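J.: Sharing a structure below in structure tokens format, with a few things to ask.
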Amino acid sequence: MEAQRKRILMKQLLPVIAKHYDIEPEQILGHSRKAKFTKPRHAFFWMCHVQLEKSYHDIARFMNRDHTTILYGVRRCREGRWLSHDDAQRLLRKARREVLQ
């Protein structure tokens, strides 16, 4: 299981999260402050940090943002529960299936 978790890269998870929220991956990478984009963006931050075990700095580098932005987004996602643990696991399994094809 640990080996499978490390196989998923942030760039492979991005389109899965975008599709789940019915937006484009570029909109997660963008800088819009509309809730339609910030909630999926924060969910992406949270999944990268918690599920993929990426550091705030690694996520920030990928997203072209400051690490404190990632920290804030992870906290907001946790508080708002925008993505349940079950949904996160389902999305991670879906990303794994797509990567392993």
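As shown in the structure tokens, the chain order sets the letters A, B, ...; within each chain, residues go from 1, and ligands are also counted from 1 in the order they appear.
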From the DSSP assignment of the backbone, select every residue of stretch 6-85 of chain A that is helix (DSSP H, G or I), and format the answer as an NGL selection string.
T.: :A and (6-7 or 10-20 or 25-29 or 35-51 or 56-63 or 67-80 or 85)
J.: Name all residues at most 7 Å from stretch 18-29 of chain A (count only C-alpha atoms; drop same-chain ones fewer than 6 positions away) and give them as number ranges by chain.
T.: A: 37, 40-41, 63
J.: Would you work out the distance separating atom CA of A:Ile8 from atom CA of A:Leu91, expressed in Å to one decimal?
T.: 11.3 Å
J.: From the options A:Val99, A:Thr38, A:Ser55, A:Leu92, which residue's atoms come nearest to A:Gly80, counting only C-alpha atoms?
T.: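 Ranking A:Val99, A:Thr38, A:Ser55, A:Leu92 by distance to A:Gly80, first place goes to A:Thr38.
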J.: Find the spatial neighbours of A:Leu83, counting only C-alpha atoms, within a cut-off of 10 Å - ignore same-chain residues fewer than 2 positions away - and output them as a list in words.
T.: Lys39, Pro40, His42, Ala43, Phe44, Trp46, Met47, Cys77, Arg78, Gly80, Arg81, His85, Asp86, Asp87, Ala88 and Gln89 of chain A
J.: When you count only C-alpha atoms, which of these residues is closest to A:Arg75: A:Ala95, A:Val50, A:Phe62, A:Arg90?
T.: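 Nearest to A:Arg75: A:Val50.
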J.: Distance atom CA of A:His57-atom CA of A:Lys11, one decimal place?
T.: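 These atoms are spaced 15.5 Å apart.
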